[in-house]
$ cat model.csv   # CSV, C-alpha atoms
chain,number,residue,atom,x,y,z
A,10,MET,CA,23.0,57.5,-107.0
A,11,ARG,CA,24.9,58.0,-103.8
A,12,LEU,CA,22.9,55.3,-102.0
A,13,SER,CA,23.6,52.8,-104.8
A,14,THR,CA,27.4,53.5,-104.6
A,15,ILE,CA,27.4,52.9,-100.9
A,16,ALA,CA,25.4,49.7,-101.3
A,17,ALA,CA,27.8,48.4,-103.9
A,18,LEU,CA,30.8,49.1,-101.6
A,19,VAL,CA,29.2,47.4,-98.7
A,20,SER,CA,28.3,44.3,-100.8
A,21,ILE,CA,31.9,44.1,-102.1
A,22,SER,CA,33.4,44.2,-98.7
A,23,ALA,CA,30.8,41.7,-97.4
A,24,CYS,CA,32.0,39.1,-100.0
A,25,GLY,CA,35.6,39.2,-98.7
A,26,PHE,CA,37.0,41.6,-101.2
A,27,HIS,CA,40.0,43.6,-99.9
A,28,PRO,CA,42.0,46.1,-102.0
A,29,LEU,CA,45.4,44.7,-102.8
A,30,TYR,CA,47.1,48.1,-102.4
A,31,ALA,CA,45.3,49.5,-99.4
A,32,PRO,CA,47.2,52.8,-98.4
A,33,ASN,CA,48.3,51.5,-95.0
A,34,GLY,CA,47.9,47.8,-95.7
A,35,SER,CA,50.4,45.1,-94.8
A,36,THR,CA,51.1,44.3,-98.5
A,37,ASN,CA,52.3,47.9,-99.1
A,38,ALA,CA,54.6,47.7,-96.1
A,39,VAL,CA,56.2,44.5,-97.4
A,40,LEU,CA,56.6,45.8,-100.9
A,41,LYS,CA,58.6,48.8,-99.6
A,42,GLN,CA,61.1,46.3,-98.2
A,43,ILE,CA,62.1,45.1,-101.7
A,44,TYR,CA,65.4,46.2,-103.2
A,45,VAL,CA,65.5,46.1,-107.0
A,46,ASN,CA,68.9,44.9,-108.3
A,47,ILE,CA,70.5,46.7,-111.3
A,48,ILE,CA,69.1,45.6,-114.6
A,49,PRO,CA,71.5,46.2,-117.6
A,50,ASN,CA,70.9,48.4,-120.6
A,51,ARG,CA,68.5,51.3,-121.2
A,52,ASN,CA,65.4,49.1,-121.1
A,53,GLY,CA,66.6,47.7,-117.8
A,54,GLN,CA,67.1,51.2,-116.4
A,55,LEU,CA,63.5,52.1,-117.4
A,56,LEU,CA,62.1,48.9,-115.8
A,57,ARG,CA,64.1,49.4,-112.6
A,58,GLU,CA,62.9,53.0,-112.2
A,59,ALA,CA,59.3,51.9,-112.8
A,60,LEU,CA,59.7,49.1,-110.2
A,61,GLN,CA,61.3,51.3,-107.7
A,62,GLU,CA,58.5,53.9,-108.1
A,63,ARG,CA,55.8,51.2,-107.6
A,64,LEU,CA,57.5,49.4,-104.7
A,65,ASP,CA,58.7,52.3,-102.7
A,66,GLY,CA,57.2,55.4,-104.0
A,67,THR,CA,58.2,57.4,-100.9
A,68,GLY,CA,61.9,56.8,-101.6
A,69,ASP,CA,62.6,56.9,-97.8
A,70,GLY,CA,65.3,54.3,-98.2
A,71,GLY,CA,64.0,52.1,-95.4
A,72,GLU,CA,65.5,48.8,-94.6
A,73,LYS,CA,65.3,46.2,-97.3
A,74,HIS,CA,64.5,42.6,-96.5
A,75,TYR,CA,64.2,41.2,-100.0
A,76,GLU,CA,66.1,41.5,-103.3
A,77,LEU,CA,64.4,41.4,-106.7
A,78,SER,CA,66.5,40.2,-109.6
A,79,VAL,CA,65.3,40.6,-113.2
A,80,LYS,CA,66.7,39.2,-116.4
A,81,LEU,CA,65.2,41.3,-119.3
A,82,SER,CA,65.1,40.5,-123.0
A,83,TYR,CA,63.8,43.0,-125.6
A,84,ALA,CA,63.4,42.3,-129.2
A,85,GLY,CA,61.8,43.8,-132.3
A,86,GLU,CA,60.6,42.0,-135.4
A,87,ASN,CA,59.3,43.3,-138.7
A,88,VAL,CA,55.7,42.4,-139.5
A,89,GLY,CA,53.4,43.6,-142.3
A,90,ILE,CA,55.9,42.7,-145.0
A,91,GLN,CA,55.1,44.4,-148.3
A,92,PRO,CA,55.6,43.0,-151.9
A,93,ASP,CA,58.9,44.9,-152.1
A,94,THR,CA,60.1,43.2,-148.9
A,95,SER,CA,59.8,46.4,-146.9
A,96,SER,CA,58.0,46.3,-143.5
A,97,SER,CA,55.0,48.4,-142.6
A,98,ARG,CA,55.0,47.6,-138.9
A,99,THR,CA,57.4,46.6,-136.1
A,100,ARG,CA,56.4,44.5,-133.2
A,101,PHE,CA,58.4,44.7,-129.9
A,102,VAL,CA,58.4,41.9,-127.3
A,103,SER,CA,59.9,42.3,-123.9
A,104,THR,CA,60.2,39.5,-121.4
A,105,ALA,CA,61.2,39.8,-117.8
A,106,ASN,CA,62.2,36.7,-115.8
A,107,TRP,CA,62.3,37.8,-112.2
A,108,SER,CA,63.0,36.2,-108.8
A,109,LEU,CA,62.7,37.3,-105.3
A,110,HIS,CA,65.2,36.2,-102.6
A,111,LYS,CA,66.5,37.2,-99.2
A,112,PRO,CA,69.7,39.3,-99.3
A,113,GLY,CA,72.8,37.2,-98.9
A,114,LEU,CA,70.9,34.0,-99.6
A,115,ILE,CA,71.4,33.8,-103.3
A,116,GLY,CA,69.9,30.5,-104.4
A,117,THR,CA,67.2,30.6,-101.8
A,118,LYS,CA,64.4,31.8,-104.0
A,119,ILE,CA,61.2,32.9,-102.4
A,120,THR,CA,59.2,33.3,-105.6
A,121,SER,CA,59.7,33.8,-109.3
A,122,ALA,CA,57.7,34.3,-112.4
A,123,THR,CA,57.8,35.8,-115.9
A,124,ALA,CA,56.2,39.0,-117.2
A,125,ARG,CA,55.7,39.8,-120.9
A,126,SER,CA,54.8,42.9,-122.8
A,127,VAL,CA,54.1,43.3,-126.5
A,128,ASP,CA,53.8,46.7,-128.3
A,129,GLY,CA,54.3,47.9,-131.9
A,130,THR,CA,54.6,50.8,-134.2
A,131,ASN,CA,53.9,51.6,-137.8
A,132,VAL,CA,56.9,52.2,-140.0
A,133,ILE,CA,56.8,55.5,-141.8
A,134,ASP,CA,59.3,56.1,-144.5
A,135,GLU,CA,61.9,58.9,-144.0
A,136,GLN,CA,60.5,59.9,-140.6
A,137,PHE,CA,63.6,59.3,-138.4
A,138,PHE,CA,62.6,61.7,-135.7
A,139,TYR,CA,59.1,60.2,-135.4
A,140,SER,CA,60.5,56.7,-135.2
A,141,GLU,CA,62.9,57.7,-132.4
A,142,LEU,CA,60.1,59.3,-130.4
A,143,GLN,CA,57.9,56.2,-131.0
A,144,SER,CA,60.7,53.9,-129.9
A,145,GLU,CA,61.3,55.9,-126.7
A,146,ALA,CA,57.5,55.9,-125.9
A,147,ILE,CA,57.3,52.1,-126.6
A,148,GLN,CA,60.2,51.4,-124.2
A,149,HIS,CA,58.5,53.5,-121.5
A,150,ARG,CA,55.1,51.8,-122.0
A,151,MET,CA,56.7,48.3,-122.0
A,152,ALA,CA,58.7,49.1,-118.8
A,153,ASP,CA,55.5,50.3,-117.1
A,154,ASN,CA,53.5,47.3,-118.2
A,155,LEU,CA,56.2,44.9,-117.0
A,156,ALA,CA,56.5,46.7,-113.7
A,157,ASP,CA,52.8,46.6,-113.1
A,158,GLN,CA,52.7,42.8,-113.8
A,159,ILE,CA,55.7,42.1,-111.5
A,160,VAL,CA,54.4,44.3,-108.6
A,161,GLN,CA,50.9,42.7,-108.9
A,162,GLU,CA,52.5,39.2,-108.7
A,163,LEU,CA,54.6,40.2,-105.7
A,164,ALA,CA,51.6,41.7,-103.9
A,165,MET,CA,49.5,38.6,-104.6
A,166,TYR,CA,52.3,36.4,-103.3
A,167,PHE,CA,52.7,38.4,-100.1
A,168,ARG,CA,48.9,38.5,-99.6
A,169,ALA,CA,48.8,34.6,-99.9
A,170,HIS,CA,52.0,34.2,-97.8
A,171,PRO,CA,52.0,36.9,-95.1
A,172,ASN,CA,54.8,35.3,-93.1
A,173,ALA,CA,57.3,34.9,-96.0
$ encode --input "model.csv" --output "structure tokens"
Amino acid sequence: MRLSTIAALVSISACGFHPLYAPNGSTNAVLKQIYVNIIPNRNGQLLREALQERLDGTGDGGEKHYELSVKLSYAGENVGIQPDTSSSRTRFVSTANWSLHKPGLIGTKITSATARSVDGTNVIDEQFFYSELQSEAIQHRMADNLADQIVQELAMYFRAHPNA
């Protein structure tokens, strides 16, 4: 078992595979240099916190060479419409249009993309407390999902453009 694991790791490294988030890798060092601008509303706060955690988990407040701006939209729609026109399910869609630029050079975009997350919940009659807890959990999951997508895109960009 141990020998097969070692053989697999050697074969992966031989084909040119390198971990995107190596602990002391150059990609992590660049990601720590990104400042996340304020994102309005509660969903924006959750997304900003998730991004900050992923980009600079140490929180050492080092010098920032890039600014990340995010425009976030969040919407819910009723699906699973019943014969009495009530809904049995709500689907939430969150879209984050983001761009990375150098501080003070607004309009000089380095890279940009869009991240999207979809989640949902069942509607249970007269369960207000449950629905509030579900809504909060969905907002956190969607923020985490969007943050993962954005950070992965940023890491891939800096891997492809080390001198950006």
$ closest_residue --input "model.csv" --among "A:Asp153, A:Ala146, A:Gln91, A:Thr117" --to "A:Val132" --atoms "only C-alpha atoms"
A:Gln91
$ closest_residue --input "model.csv" --among "A:Arg100, A:Lys80, A:Arg168, A:Lys111" --to "A:Asn52" --atoms "all atoms listed in the file"
A:Lys80
$ closest_residue --input "model.csv" --among "A:Glu58, A:His170, A:Ser121, A:Met151" --to "A:Val45" --atoms "only C-alpha atoms"
A:Glu58
$ closest_residue --input "model.csv" --among "A:Ser96, A:Gln42, A:Ser108, A:Thr123" --to "A:Gly71" --atoms "only C-alpha atoms"
A:Gln42
$ atom_distance --input "model.csv" --atom1 "atom CA of A:Ala156" --atom2 "atom CA of A:Asn37"
15.2 Å
$ residues_near_point --input "model.csv" --point "(63.1, 43.6, -97.2)" --cutoff "9 Å" --atoms "all atoms listed in the file" --output "list of chain:residue names"
A:Val39, A:Leu40, A:Lys41, A:Gln42, A:Ile43, A:Tyr44, A:Gly71, A:Glu72, A:Lys73, A:His74, A:Tyr75, A:Glu76, A:Lys111, A:Pro112
$ closest_residue --input "model.csv" --among "A:Thr99, A:Ser126, A:Thr120, A:Gln158" --to "A:Gln143" --atoms "only C-alpha atoms"
A:Thr99
$ atom_distance --input "model.csv" --atom1 "atom CA of A:Ala122" --atom2 "atom CA of A:Asn106"
6.1 Å
$ atom_distance --input "model.csv" --atom1 "atom CA of A:Leu55" --atom2 "atom CA of A:His149"
6.6 Å
$ closest_residue --input "model.csv" --among "A:Gln161, A:Gln136, A:Thr130, A:Asn154" --to "A:Asn87" --atoms "only C-alpha atoms"
A:Thr130
$ residues_near_point --input "model.csv" --point "(58.6, 36.5, -100.2)" --cutoff "7 Å" --atoms "all atoms listed in the file" --output "PyMOL selection string"
chain A and resi 109+119-120+167+173
